[in-house]
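Listing of upload_38.cif, mmCIF, C-alpha atoms
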```
data_input
#
loop_
_atom_site.label_atom_id
_atom_site.label_comp_id
_atom_site.auth_asym_id
_atom_site.auth_seq_id
_atom_site.Cartn_x
_atom_site.Cartn_y
_atom_site.Cartn_z
CA MET F 153 58.50 5.25 -49.12
CA LEU F 154 60.38 1.97 -48.92
CA VAL F 155 64.11 2.08 -49.63
CA ALA F 156 66.44 -0.89 -50.00
CA LEU F 157 70.21 -0.78 -50.16
CA LEU F 158 72.11 -2.51 -52.92
CA GLY F 159 75.37 -4.29 -52.14
CA ALA F 160 77.35 -1.06 -52.54
CA GLY F 161 75.02 0.80 -50.17
CA ILE F 162 73.16 2.50 -53.01
CA PRO F 163 69.55 3.33 -52.03
CA VAL F 164 66.85 2.03 -54.40
CA LEU F 165 63.08 2.59 -54.21
CA VAL F 166 61.13 -0.68 -53.98
CA GLY F 167 57.53 -1.88 -53.76
CA ALA F 168 54.66 0.59 -53.83
CA ALA F 169 57.09 3.51 -53.83
CA LEU F 170 57.87 2.67 -57.47
CA HIS F 171 54.24 3.28 -58.45
CA THR F 172 53.43 6.68 -56.98
CA ASP F 173 51.99 7.85 -60.32
CA VAL F 174 49.49 4.98 -60.69
CA GLY F 175 45.82 5.58 -60.04
CA GLU F 176 43.72 8.44 -58.79
CA PRO F 177 43.50 9.89 -55.27
CA TYR F 178 41.07 7.82 -53.21
CA GLN F 179 40.02 7.57 -49.60
CA GLU F 180 40.08 4.14 -47.96
CA THR F 181 37.83 3.61 -44.96
CA ARG F 182 37.89 0.46 -42.88
CA LEU F 183 35.00 -0.30 -40.56
CA TYR F 184 35.31 -2.82 -37.72
CA PHE F 185 32.11 -4.57 -36.65
CA GLY F 186 32.03 -6.66 -33.49
CA THR F 187 29.49 -9.46 -33.13
CA GLU F 188 29.21 -9.90 -29.36
CA ARG F 189 25.94 -8.66 -27.89
CA PRO F 190 25.78 -7.22 -24.40
CA ASP F 191 23.91 -9.45 -21.95
CA VAL F 192 22.95 -11.94 -24.67
CA ARG F 193 24.59 -15.30 -25.27
CA GLN F 194 23.93 -15.44 -29.01
CA THR F 195 26.32 -13.44 -31.19
CA ILE F 196 25.51 -11.66 -34.43
CA GLY F 197 25.94 -14.51 -36.89
CA GLU F 198 27.24 -14.41 -40.45
CA ARG F 199 23.77 -14.57 -41.98
CA GLU F 200 22.56 -11.69 -39.80
CA PHE F 201 25.64 -9.59 -40.59
CA MET F 202 25.21 -10.24 -44.33
CA ARG F 203 21.60 -9.02 -44.08
CA PHE F 204 22.90 -5.82 -42.47
CA LEU F 205 25.48 -5.53 -45.26
CA ASP F 206 22.74 -5.93 -47.91
CA ARG F 207 20.34 -3.48 -46.21
CA GLU F 208 22.68 -0.75 -44.99
CA ILE F 209 26.15 -0.84 -46.54
CA THR F 210 25.65 -2.03 -50.13
CA PRO F 211 23.01 0.63 -50.97
CA ALA F 212 25.39 3.34 -49.68
CA PHE F 213 28.37 1.90 -51.62
CA PRO F 214 26.87 0.08 -54.63
CA GLU F 215 30.10 0.30 -56.63
CA GLY F 216 31.69 -2.30 -54.37
CA LEU F 217 33.39 -3.12 -51.11
CA THR F 218 35.42 -5.85 -49.46
CA VAL F 219 34.50 -7.82 -46.33
CA HIS F 220 37.02 -9.70 -44.19
CA GLU F 221 35.95 -12.04 -41.41
CA GLY F 222 38.28 -12.06 -38.46
CA PHE F 223 38.71 -12.39 -34.75
CA GLY F 224 38.76 -9.23 -32.66
CA GLN F 225 39.52 -8.20 -29.14
CA TRP F 226 38.64 -4.96 -27.37
CA ARG F 227 37.94 -3.63 -23.91
CA GLY F 228 34.28 -3.20 -23.03
CA LYS F 229 32.82 -0.31 -21.03
CA ASP F 230 33.13 -2.46 -17.90
CA GLY F 231 36.90 -2.78 -18.45
CA LYS F 232 36.77 -6.49 -19.33
CA ALA F 233 38.27 -7.92 -22.50
CA VAL F 234 35.71 -8.93 -25.11
CA ARG F 235 36.78 -11.40 -27.78
CA GLY F 236 34.97 -12.81 -30.75
CA THR F 237 34.23 -12.90 -34.43
CA SER F 238 34.40 -9.55 -36.17
CA TYR F 239 33.99 -8.20 -39.66
CA GLU F 240 36.15 -5.61 -41.39
CA VAL F 241 34.54 -3.76 -44.30
CA VAL F 242 36.89 -1.92 -46.66
CA LEU F 243 35.46 0.97 -48.69
CA LEU F 244 37.28 2.87 -51.44
CA TYR F 245 35.90 6.09 -52.90
CA PRO F 246 37.27 9.13 -54.74
CA GLU F 247 38.94 11.61 -52.43
CA LYS F 248 36.84 14.43 -53.88
CA GLU F 249 33.72 12.65 -52.50
CA ALA F 250 35.16 12.16 -49.00
CA GLU F 251 32.84 14.55 -47.17
CA GLU F 252 29.64 13.16 -48.65
CA ARG F 253 30.80 9.54 -48.28
CA SER F 254 31.80 10.17 -44.67
CA ALA F 255 28.20 11.11 -43.89
CA ARG F 256 27.04 7.78 -45.38
CA ILE F 257 29.62 5.92 -43.30
CA GLU F 258 28.50 7.60 -40.09
CA LYS F 259 24.88 6.56 -40.80
CA ILE F 260 26.06 2.95 -41.26
CA ARG F 261 28.02 3.02 -37.99
CA GLN F 262 25.06 4.47 -36.09
CA ALA F 263 22.63 1.95 -37.59
CA TYR F 264 24.80 -1.00 -36.50
CA GLU F 265 25.34 0.41 -33.01
CA ASP F 266 21.60 1.01 -32.59
CA GLN F 267 20.35 -2.27 -34.11
CA TYR F 268 22.82 -4.52 -32.30
CA ARG F 269 23.42 -2.53 -29.09
CA GLN F 270 27.12 -2.07 -29.82
CA ASP F 271 29.36 0.36 -27.94
CA SER F 272 30.93 1.41 -31.22
CA VAL F 273 31.92 0.49 -34.75
CA GLY F 274 35.61 1.19 -35.29
CA ARG F 275 36.70 3.34 -38.20
CA SER F 276 40.05 4.11 -39.79
CA ASP F 277 40.71 6.31 -42.83
CA ASP F 278 43.69 6.60 -45.12
CA LYS F 279 44.52 8.41 -48.35
CA VAL F 280 45.53 6.02 -51.15
CA HIS F 281 45.87 5.90 -54.92
CA ALA F 282 43.63 3.39 -56.65
CA GLU F 283 43.00 2.31 -60.21
CA PHE F 284 40.17 0.09 -61.45
#
```
Since I need it in another form, could you write the structure as structure tokens?
Amino acid sequence: MLVALLGAGIPVLVGAALHTDVGEPYQETRLYFGTERPDVRQTIGEREFMRFLDREITPAFPEGLTVHEGFGQWRGKDGKAVRGTSYEVVLLYPEKEAEERSARIEKIRQAYEDQYRQDSVGRSDDKVHAEF
């Protein structure tokens, strides 16, 4: 909840806190895909990542998703910093479907790790309210 103080020190709800009754309960999952390959100079390019998206992610979440291209940094198994292009995929789905959707997400993560020899695909989950 975000609270602002008016000139007289009166607390007032602002921003998203004003809209707690909007939308239905949803789960938001963000997946973080690195593009550096171990022991290979060529990274996973945009075209290759989009093929993975079309083959693996879109069929599991045909109602839609969002992809952000970014720059990531993480520590590899050898302790060295790895930096490079990354992709964040944002998935929204009804909270009541969370268990079944989580199984789909884990298959996607495993497929990427296996196909591209990645240490991991990051995942974060949050409960939100969404309306479409």
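We find CA of Arg253 (chain F) and CA of Thr195 (chain F) to be spaced 29.0 Å apart.
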Matched chain/residue IDs from the PyMOL selection byres ((chain F and resi 205-209) around 10), as number ranges by chain: F: 199-204, 210-214, 216-217, 219, 241, 243, 256-257, 259-261, 263-264
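With CA of Ser238 (chain F) on one side and CA of Val192 (chain F) on the other, the separation reads 16.4 Å.
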Please determine, counting only C-alpha atoms, which residue among F:Ala233, F:Arg269, F:Ile196, F:Glu240 has the shortest atom-to-atom distance to Tyr184 (chain F).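 Looking only at the distances to Tyr184 (chain F), the closest residue turns out to be F:Glu240.
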### Message
For the provided coordinates, the residues matched by the PyMOL selection byres ((chain F and resi 277-279) around 12) should be stated as a list of chain:residue names.
### Response
F:Glu176, F:Pro177, F:Tyr178, F:Gln179, F:Glu180, F:Thr181, F:Arg182, F:Leu183, F:Tyr184, F:Val241, F:Val242, F:Leu243, F:Leu244, F:Tyr245, F:Pro246, F:Glu247, F:Lys248, F:Ala250, F:Arg253, F:Ser254, F:Ile257, F:Gly274, F:Arg275, F:Ser276, F:Val280, F:His281, F:Ala282
As a check of understanding: the span from CA of Glu221 (chain F) to CA of Thr237 (chain F) is 7.2 Å
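Comparing the minimum interatomic distances between Thr187 (chain F) and each of F:Asp230, F:Glu283, F:Glu258, F:Glu265, counting all atoms listed in the file, we find that F:Glu265 sits nearest.
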